[in-house]
file model.txt (compact mmCIF, C-alpha atoms and all ligand atoms)
# COMPACT_ATOMS: atom_id res chain seq x y z
CA MET A 22 -2.89 179.87 -41.09
CA SER A 23 -4.82 177.84 -43.65
CA GLU A 24 -6.42 174.48 -42.84
CA ASN A 25 -7.23 173.74 -46.47
CA LEU A 26 -4.88 172.02 -48.86
CA PHE A 27 -5.16 172.21 -52.63
CA VAL A 28 -3.79 169.02 -54.18
CA HIS A 29 -2.59 169.23 -57.77
CA THR A 30 -3.34 166.15 -59.86
CA GLY A 31 -0.62 166.61 -62.50
CA PRO A 32 3.00 165.49 -62.71
CA LYS A 33 5.21 165.24 -59.64
CA ASN A 34 7.04 168.54 -60.09
CA GLU A 35 3.74 170.41 -60.48
CA LYS A 36 2.36 168.71 -57.36
CA TYR A 37 5.44 169.81 -55.43
CA GLN A 38 5.23 173.33 -56.86
CA THR A 39 1.60 173.64 -55.78
CA LEU A 40 2.41 172.27 -52.32
CA LEU A 41 5.46 174.49 -51.87
CA GLN A 42 3.43 177.60 -52.68
CA GLN A 43 1.03 176.68 -49.88
CA ILE A 44 3.66 175.88 -47.23
CA PRO A 45 3.93 179.44 -45.80
CA SER A 46 0.17 179.53 -45.22
CA LEU A 47 0.18 176.02 -43.70
CA LEU A 48 2.85 176.87 -41.13
CA ASP A 49 2.00 178.57 -37.85
CA PRO A 50 4.97 180.43 -36.35
CA HIS A 51 3.10 180.90 -33.05
CA VAL A 52 3.08 177.23 -32.04
CA ASP A 53 5.68 174.56 -31.35
CA VAL A 54 7.53 173.19 -34.37
CA VAL A 55 6.02 169.75 -33.67
CA ALA A 56 2.58 171.02 -34.67
CA ASN A 57 4.02 172.31 -37.93
CA MET A 58 5.80 169.02 -38.60
CA ALA A 59 2.45 167.28 -38.14
CA ASN A 60 0.77 169.42 -40.80
CA ILE A 61 3.70 169.06 -43.23
CA ALA A 62 3.58 165.27 -42.84
CA ALA A 63 -0.18 165.35 -43.44
CA ALA A 64 0.16 167.63 -46.49
CA LEU A 65 2.81 165.35 -48.04
CA LYS A 66 0.72 162.26 -47.36
CA GLU A 67 -2.39 163.87 -48.84
CA THR A 68 -0.57 165.18 -51.91
CA PHE A 69 1.45 162.10 -52.81
CA GLY A 70 -0.06 159.18 -50.85
CA PHE A 71 3.40 158.14 -49.66
CA PHE A 72 3.55 154.85 -47.73
CA TRP A 73 5.16 156.52 -44.70
CA VAL A 74 6.10 160.14 -44.14
CA GLY A 75 7.27 161.70 -40.93
CA PHE A 76 9.92 163.33 -38.84
CA TYR A 77 12.56 162.17 -36.40
CA ARG A 78 13.85 164.86 -34.03
CA VAL A 79 17.37 165.10 -32.64
CA HIS A 80 17.48 164.43 -28.89
CA GLY A 81 21.12 164.31 -27.78
CA GLU A 82 22.76 161.43 -29.64
CA THR A 83 19.46 159.88 -30.76
CA LEU A 84 16.73 160.55 -33.27
CA VAL A 85 13.31 160.29 -31.66
CA LEU A 86 10.11 159.67 -33.61
CA GLY A 87 8.07 162.80 -34.25
CA PRO A 88 4.83 163.51 -36.13
CA PHE A 89 4.17 161.05 -38.94
CA GLN A 90 1.55 159.55 -41.24
CA GLY A 91 1.56 155.83 -41.94
CA PRO A 92 2.18 152.56 -40.12
CA LEU A 93 3.80 152.40 -36.68
CA ALA A 94 7.53 153.10 -36.68
CA CYS A 95 10.57 152.60 -34.46
CA THR A 96 10.83 155.31 -31.84
CA LYS A 97 14.61 155.73 -31.53
CA ILE A 98 17.46 155.72 -34.07
CA PRO A 99 21.09 156.16 -32.94
CA LYS A 100 23.35 158.61 -34.79
CA GLY A 101 24.83 156.98 -37.89
CA LYS A 102 22.37 154.07 -37.90
CA GLY A 103 19.97 153.38 -40.74
CA VAL A 104 19.20 155.84 -43.52
CA CYS A 105 17.95 158.45 -41.04
CA GLY A 106 21.00 158.20 -38.79
CA ALA A 107 23.30 158.37 -41.82
CA ALA A 108 21.56 161.50 -43.16
CA TRP A 109 21.95 163.06 -39.71
CA GLU A 110 25.65 162.10 -39.44
CA THR A 111 26.47 163.45 -42.92
CA SER A 112 24.07 166.45 -42.74
CA SER A 113 22.93 165.56 -46.24
CA THR A 114 19.93 164.22 -48.11
CA LEU A 115 20.04 160.50 -48.86
CA VAL A 116 18.06 158.91 -51.70
CA VAL A 117 17.91 155.12 -51.50
CA ASN A 118 16.46 153.31 -54.51
CA ASN A 119 16.49 149.89 -52.84
CA VAL A 120 16.51 149.85 -49.05
CA HIS A 121 17.56 146.19 -49.01
CA GLU A 122 20.91 147.25 -50.45
CA PHE A 123 21.54 150.02 -47.88
CA PRO A 124 23.91 148.77 -45.16
CA GLY A 125 22.22 149.02 -41.76
CA HIS A 126 18.82 150.02 -43.13
CA ILE A 127 16.25 149.90 -40.31
CA ALA A 128 13.16 148.08 -41.58
CA CYS A 129 10.21 149.52 -39.69
CA SER A 130 7.97 147.88 -42.28
CA GLU A 131 8.53 144.90 -44.54
CA PHE A 132 6.70 146.83 -47.29
CA SER A 133 9.22 149.67 -47.48
CA LYS A 134 11.32 149.44 -50.69
CA SER A 135 12.81 152.90 -51.28
CA GLU A 136 13.38 155.91 -49.12
CA ILE A 137 14.47 159.55 -48.98
CA VAL A 138 15.73 161.27 -45.85
CA VAL A 139 16.20 165.06 -45.76
CA PRO A 140 17.84 166.81 -42.82
CA VAL A 141 16.20 169.87 -41.28
CA LEU A 142 19.19 172.17 -40.94
CA ARG A 143 19.60 175.39 -38.98
CA SER A 144 22.99 177.13 -39.13
CA GLY A 145 24.53 173.89 -40.39
CA LYS A 146 23.19 171.86 -37.46
CA VAL A 147 20.75 168.98 -37.96
CA LEU A 148 17.65 169.51 -35.78
CA ALA A 149 15.49 166.77 -37.28
CA VAL A 150 15.11 164.66 -40.40
CA LEU A 151 12.18 164.24 -42.75
CA ASP A 152 11.86 160.56 -43.71
CA ILE A 153 9.67 159.29 -46.55
CA ASP A 154 9.26 155.61 -47.41
CA SER A 155 7.77 154.11 -50.54
CA ASP A 156 6.41 150.62 -51.08
CA GLU A 157 7.91 150.70 -54.59
CA PHE A 158 11.56 150.69 -55.64
CA ALA A 159 13.29 153.87 -56.89
CA THR A 160 10.43 156.24 -56.11
CA PHE A 161 12.58 159.26 -55.24
CA ASP A 162 14.87 161.40 -57.41
CA GLU A 163 16.35 164.89 -57.59
CA ILE A 164 12.87 166.44 -58.02
CA ASP A 165 11.84 165.05 -54.62
CA GLN A 166 15.17 166.09 -53.12
CA ASN A 167 14.94 169.62 -54.47
CA TYR A 168 11.42 170.33 -53.22
CA LEU A 169 11.69 168.44 -49.94
CA GLU A 170 14.86 170.37 -49.07
CA LYS A 171 12.97 173.62 -49.74
CA ILE A 172 10.10 172.45 -47.49
CA CYS A 173 12.57 171.53 -44.73
CA THR A 174 14.17 174.98 -45.04
CA CYS A 175 10.73 176.61 -44.48
CA LEU A 176 10.31 174.41 -41.39
CA SER A 177 13.78 175.15 -40.02
CA GLU A 178 12.98 178.87 -40.07
CA LEU A 179 10.39 178.21 -37.36
CA TYR A 180 13.09 177.06 -34.92
CA PRO A 181 14.11 179.71 -32.40
N1 LIG A 201 14.09 153.10 -42.55
C1 LIG A 201 14.55 154.12 -41.64
C2 LIG A 201 13.93 153.95 -40.29
C3 LIG A 201 12.68 154.72 -40.08
S1 LIG A 201 11.35 154.09 -40.85
O1 LIG A 201 11.57 153.91 -42.26
C4 LIG A 201 9.97 154.91 -40.54
C5 LIG A 201 16.05 154.07 -41.55
O2 LIG A 201 16.69 153.15 -42.05
O3 LIG A 201 16.62 154.98 -40.95
call {"tool": "encode", "arguments": {"input": "model.txt", "output": "structure tokens", "more": "lines below"}}
Ligand code: SME
result
Amino acid sequence: MSENLFVHTGPKNEKYQTLLQQIPSLLDPHVDVVANMANIAAALKETFGFFWVGFYRVHGETLVLGPFQGPLACTKIPKGKGVCGAAWETSSTLVVNNVHEFPGHIACSEFSKSEIVVPVLRSGKVLAVLDIDSDEFATFDEIDQNYLEKICTCLSELYP
């Protein structure tokens, strides 16, 4: 696997395209998925400078904090709670332009203003969620959703 990341400096879709092309070489199928989550979080942080980017993994009826980049975060999120728990419950990506308007939003940081949560799905089952927070409103759109879902699909293929 590669330990070098090329970061595109152009528009968002080109940055994602460049990152997506590198994902297969960044992933290591011979190690635990947690190690791969760590490198994906790092690659997203390095490419976009997101305020917070990381994973929560499904453990029974709870999401448990996984690899992340950014400030400290809450360690457990019950199913259906917050943006992450809602994305898990609905098995769908959630884009939140203003987290203050999302019922039950869990504020791990007072600086978080918008958020996207993408489930990592395998055979229709949610195994984890990718959570990205921005310190600006309305950061995420269908471009983010499209590419982040593709990245999560690459990751899900590493699950046994
Ligand atoms: N805001 C999330 C909680 C996790 S942190 O943002 C890192 C939520 O509402 O689910």
call {"tool": "closest_atom_pairs", "arguments": {"input": "model.txt", "of": "segment 72-164 of chain A", "to": "segment 44-56 of chain A", "cutoff": "10 Å", "atoms": "only C-alpha atoms", "output": "CSV"}}
result
residue,atom,partner,partner_atom,distance
A:Phe76,CA,A:Val55,CA,9.1
A:Arg78,CA,A:Val55,CA,9.2
A:Gly87,CA,A:Val55,CA,7.3
A:Pro88,CA,A:Val55,CA,6.8
call {"tool": "write_last_selection", "arguments": {"input": "model.txt", "atoms": "C-alpha atoms", "output": "PDB file, keeping the file's coordinate frame"}}
result
ATOM      1  CA  PHE A  76       9.920 163.330 -38.840  1.00  0.00           C
ATOM      2  CA  ARG A  78      13.850 164.860 -34.030  1.00  0.00           C
ATOM      3  CA  GLY A  87       8.070 162.800 -34.250  1.00  0.00           C
ATOM      4  CA  PRO A  88       4.830 163.510 -36.130  1.00  0.00           C
TER       5      PRO A  88
END
call {"tool": "residues_near_ligand", "arguments": {"input": "model.txt", "ligand": "ligand LIG 201 (chain A)", "cutoff": "7 Å", "atoms": "only C-alpha atoms and all ligand atoms", "output": "number ranges by chain"}}
result
A: 73, 94-95, 98, 102-106, 125-129, 152, 154
call {"tool": "residues_around", "arguments": {"input": "model.txt", "residues": "Gln42 of chain A", "least_positions_apart": "6", "cutoff": "12 Å", "atoms": "only C-alpha atoms", "output": "PyMOL selection string"}}
result
chain A and resi 26-29+35-36+48+168+171-172+175
call {"tool": "atom_distance", "arguments": {"input": "model.txt", "atom1": "atom CA of Tyr37 of chain A", "atom2": "atom CA of Ala107 of chain A"}}
result
25.2 Å
call {"tool": "atom_distance", "arguments": {"input": "model.txt", "atom1": "atom CA of Leu84 of chain A", "atom2": "atom CA of Ile164 of chain A"}}
result
25.7 Å
call {"tool": "closest_residue", "arguments": {"input": "model.txt", "among": "A:Ser112, A:Thr68, A:Thr174, A:Asn57", "to": "Asn34 of chain A", "atoms": "only C-alpha atoms"}}
result
A:Thr68
call {"tool": "closest_residue", "arguments": {"input": "model.txt", "among": "A:Pro32, A:Leu115, A:Met58, A:Glu136", "to": "Phe71 of chain A", "atoms": "all atoms listed in the file"}}
result
A:Glu136
call {"tool": "residues_around", "arguments": {"input": "model.txt", "residues": "Ile153 of chain A", "least_positions_apart": "5", "cutoff": "12 Å", "atoms": "only C-alpha atoms", "output": "mmCIF file with C-alpha atoms, in the frame of the given file"}}
result
data_model
loop_
_atom_site.group_PDB
_atom_site.id
_atom_site.type_symbol
_atom_site.label_atom_id
_atom_site.label_comp_id
_atom_site.auth_asym_id
_atom_site.auth_seq_id
_atom_site.Cartn_x
_atom_site.Cartn_y
_atom_site.Cartn_z
ATOM 1 C CA ILE A 61 3.700 169.060 -43.230
ATOM 2 C CA ALA A 62 3.580 165.270 -42.840
ATOM 3 C CA ALA A 63 -0.180 165.350 -43.440
ATOM 4 C CA LEU A 65 2.810 165.350 -48.040
ATOM 5 C CA LYS A 66 0.720 162.260 -47.360
ATOM 6 C CA PHE A 69 1.450 162.100 -52.810
ATOM 7 C CA GLY A 70 -0.060 159.180 -50.850
ATOM 8 C CA PHE A 71 3.400 158.140 -49.660
ATOM 9 C CA PHE A 72 3.550 154.850 -47.730
ATOM 10 C CA TRP A 73 5.160 156.520 -44.700
ATOM 11 C CA VAL A 74 6.100 160.140 -44.140
ATOM 12 C CA GLY A 75 7.270 161.700 -40.930
ATOM 13 C CA PHE A 76 9.920 163.330 -38.840
ATOM 14 C CA TYR A 77 12.560 162.170 -36.400
ATOM 15 C CA PHE A 89 4.170 161.050 -38.940
ATOM 16 C CA GLN A 90 1.550 159.550 -41.240
ATOM 17 C CA GLY A 91 1.560 155.830 -41.940
ATOM 18 C CA PRO A 92 2.180 152.560 -40.120
ATOM 19 C CA ALA A 94 7.530 153.100 -36.680
ATOM 20 C CA VAL A 104 19.200 155.840 -43.520
ATOM 21 C CA CYS A 105 17.950 158.450 -41.040
ATOM 22 C CA THR A 114 19.930 164.220 -48.110
ATOM 23 C CA LEU A 115 20.040 160.500 -48.860
ATOM 24 C CA VAL A 116 18.060 158.910 -51.700
ATOM 25 C CA VAL A 117 17.910 155.120 -51.500
ATOM 26 C CA VAL A 120 16.510 149.850 -49.050
ATOM 27 C CA CYS A 129 10.210 149.520 -39.690
ATOM 28 C CA SER A 133 9.220 149.670 -47.480
ATOM 29 C CA LYS A 134 11.320 149.440 -50.690
ATOM 30 C CA SER A 135 12.810 152.900 -51.280
ATOM 31 C CA GLU A 136 13.380 155.910 -49.120
ATOM 32 C CA ILE A 137 14.470 159.550 -48.980
ATOM 33 C CA VAL A 138 15.730 161.270 -45.850
ATOM 34 C CA VAL A 139 16.200 165.060 -45.760
ATOM 35 C CA PRO A 140 17.840 166.810 -42.820
ATOM 36 C CA THR A 160 10.430 156.240 -56.110
ATOM 37 C CA PHE A 161 12.580 159.260 -55.240
ATOM 38 C CA ASP A 165 11.840 165.050 -54.620
ATOM 39 C CA GLN A 166 15.170 166.090 -53.120
ATOM 40 C CA LEU A 169 11.690 168.440 -49.940
#
call {"tool": "residues_around", "arguments": {"input": "model.txt", "residues": "segment 142-147 of chain A", "least_positions_apart": "6", "cutoff": "10 Å", "atoms": "all atoms listed in the file", "output": "list of chain:residue names"}}
result
A:Arg78, A:Val79, A:Ala108, A:Trp109, A:Glu110, A:Thr111, A:Ser112, A:Ser113, A:Glu170, A:Cys173, A:Thr174, A:Leu176, A:Ser177, A:Glu178, A:Leu179, A:Tyr180, A:Pro181
call {"tool": "write_last_selection", "arguments": {"input": "model.txt", "atoms": "C-alpha atoms", "output": "short mmCIF file (atom, residue, chain, number, x, y, z; two decimals), in the frame of the given file"}}
result
data_model
loop_
_atom_site.label_atom_id
_atom_site.label_comp_id
_atom_site.auth_asym_id
_atom_site.auth_seq_id
_atom_site.Cartn_x
_atom_site.Cartn_y
_atom_site.Cartn_z
CA ARG A 78 13.85 164.86 -34.03
CA VAL A 79 17.37 165.10 -32.64
CA ALA A 108 21.56 161.50 -43.16
CA TRP A 109 21.95 163.06 -39.71
CA GLU A 110 25.65 162.10 -39.44
CA THR A 111 26.47 163.45 -42.92
CA SER A 112 24.07 166.45 -42.74
CA SER A 113 22.93 165.56 -46.24
CA GLU A 170 14.86 170.37 -49.07
CA CYS A 173 12.57 171.53 -44.73
CA THR A 174 14.17 174.98 -45.04
CA LEU A 176 10.31 174.41 -41.39
CA SER A 177 13.78 175.15 -40.02
CA GLU A 178 12.98 178.87 -40.07
CA LEU A 179 10.39 178.21 -37.36
CA TYR A 180 13.09 177.06 -34.92
CA PRO A 181 14.11 179.71 -32.40
#
call {"tool": "decode", "arguments": {"input": "model.txt", "residues": "segment 145-167 of chain A", "atoms": "N, CA and C atoms", "output": "PDB file, in the first residue's frame"}}
result
ATOM      1  N   GLY A 145     -26.506  -4.281   2.874  1.00  0.00           N
ATOM      2  CA  GLY A 145     -27.636  -3.538   3.436  1.00  0.00           C
ATOM      3  C   GLY A 145     -27.548  -3.277   4.921  1.00  0.00           C
ATOM      4  N   LYS A 146     -26.505  -3.775   5.578  1.00  0.00           N
ATOM      5  CA  LYS A 146     -26.364  -3.617   7.022  1.00  0.00           C
ATOM      6  C   LYS A 146     -25.350  -2.513   7.320  1.00  0.00           C
ATOM      7  N   VAL A 147     -25.673  -1.629   8.273  1.00  0.00           N
ATOM      8  CA  VAL A 147     -24.737  -0.567   8.636  1.00  0.00           C
ATOM      9  C   VAL A 147     -23.685  -1.127   9.603  1.00  0.00           C
ATOM     10  N   LEU A 148     -22.408  -1.016   9.203  1.00  0.00           N
ATOM     11  CA  LEU A 148     -21.308  -1.519  10.039  1.00  0.00           C
ATOM     12  C   LEU A 148     -20.618  -0.388  10.788  1.00  0.00           C
ATOM     13  N   ALA A 149     -20.736   0.814  10.223  1.00  0.00           N
ATOM     14  CA  ALA A 149     -20.077   1.989  10.804  1.00  0.00           C
ATOM     15  C   ALA A 149     -20.657   3.214  10.107  1.00  0.00           C
ATOM     16  N   VAL A 150     -20.322   4.389  10.608  1.00  0.00           N
ATOM     17  CA  VAL A 150     -20.664   5.615   9.873  1.00  0.00           C
ATOM     18  C   VAL A 150     -19.416   6.486   9.787  1.00  0.00           C
ATOM     19  N   LEU A 151     -19.314   7.187   8.663  1.00  0.00           N
ATOM     20  CA  LEU A 151     -18.287   8.217   8.491  1.00  0.00           C
ATOM     21  C   LEU A 151     -18.954   9.549   8.822  1.00  0.00           C
ATOM     22  N   ASP A 152     -18.379  10.279   9.762  1.00  0.00           N
ATOM     23  CA  ASP A 152     -18.958  11.551  10.212  1.00  0.00           C
ATOM     24  C   ASP A 152     -17.957  12.666   9.915  1.00  0.00           C
ATOM     25  N   ILE A 153     -18.437  13.725   9.257  1.00  0.00           N
ATOM     26  CA  ILE A 153     -17.564  14.885   9.006  1.00  0.00           C
ATOM     27  C   ILE A 153     -18.284  16.140   9.470  1.00  0.00           C
ATOM     28  N   ASP A 154     -17.583  16.935  10.271  1.00  0.00           N
ATOM     29  CA  ASP A 154     -18.132  18.185  10.802  1.00  0.00           C
ATOM     30  C   ASP A 154     -17.376  19.358  10.204  1.00  0.00           C
ATOM     31  N   SER A 155     -18.117  20.438   9.977  1.00  0.00           N
ATOM     32  CA  SER A 155     -17.508  21.674   9.489  1.00  0.00           C
ATOM     33  C   SER A 155     -17.763  22.794  10.489  1.00  0.00           C
ATOM     34  N   ASP A 156     -16.836  23.733  10.573  1.00  0.00           N
ATOM     35  CA  ASP A 156     -17.064  24.894  11.445  1.00  0.00           C
ATOM     36  C   ASP A 156     -17.705  26.048  10.661  1.00  0.00           C
ATOM     37  N   GLU A 157     -18.234  25.719   9.470  1.00  0.00           N
ATOM     38  CA  GLU A 157     -19.020  26.689   8.698  1.00  0.00           C
ATOM     39  C   GLU A 157     -20.375  26.069   8.370  1.00  0.00           C
ATOM     40  N   PHE A 158     -21.379  26.903   8.153  1.00  0.00           N
ATOM     41  CA  PHE A 158     -22.697  26.392   7.779  1.00  0.00           C
ATOM     42  C   PHE A 158     -22.687  25.911   6.329  1.00  0.00           C
ATOM     43  N   ALA A 159     -23.558  24.921   6.047  1.00  0.00           N
ATOM     44  CA  ALA A 159     -23.833  24.450   4.679  1.00  0.00           C
ATOM     45  C   ALA A 159     -22.572  24.117   3.879  1.00  0.00           C
ATOM     46  N   THR A 160     -21.660  23.390   4.503  1.00  0.00           N
ATOM     47  CA  THR A 160     -20.421  23.011   3.807  1.00  0.00           C
ATOM     48  C   THR A 160     -20.641  21.867   2.818  1.00  0.00           C
ATOM     49  N   PHE A 161     -21.592  20.978   3.129  1.00  0.00           N
ATOM     50  CA  PHE A 161     -21.674  19.714   2.383  1.00  0.00           C
ATOM     51  C   PHE A 161     -22.858  19.695   1.413  1.00  0.00           C
ATOM     52  N   ASP A 162     -22.659  19.049   0.274  1.00  0.00           N
ATOM     53  CA  ASP A 162     -23.721  18.961  -0.737  1.00  0.00           C
ATOM     54  C   ASP A 162     -23.652  17.595  -1.417  1.00  0.00           C
ATOM     55  N   GLU A 163     -24.315  17.491  -2.565  1.00  0.00           N
ATOM     56  CA  GLU A 163     -24.385  16.182  -3.230  1.00  0.00           C
ATOM     57  C   GLU A 163     -23.027  15.739  -3.788  1.00  0.00           C
ATOM     58  N   ILE A 164     -22.111  16.678  -4.006  1.00  0.00           N
ATOM     59  CA  ILE A 164     -20.752  16.281  -4.446  1.00  0.00           C
ATOM     60  C   ILE A 164     -20.077  15.506  -3.315  1.00  0.00           C
ATOM     61  N   ASP A 165     -20.140  16.068  -2.090  1.00  0.00           N
ATOM     62  CA  ASP A 165     -19.558  15.361  -0.940  1.00  0.00           C
ATOM     63  C   ASP A 165     -20.237  14.002  -0.776  1.00  0.00           C
ATOM     64  N   GLN A 166     -21.559  14.017  -0.821  1.00  0.00           N
ATOM     65  CA  GLN A 166     -22.304  12.762  -0.622  1.00  0.00           C
ATOM     66  C   GLN A 166     -21.885  11.702  -1.633  1.00  0.00           C
ATOM     67  N   ASN A 167     -21.825  12.089  -2.892  1.00  0.00           N
ATOM     68  CA  ASN A 167     -21.492  11.158  -3.964  1.00  0.00           C
ATOM     69  C   ASN A 167     -20.113  10.521  -3.747  1.00  0.00           C
TER      70      ASN A 167
END
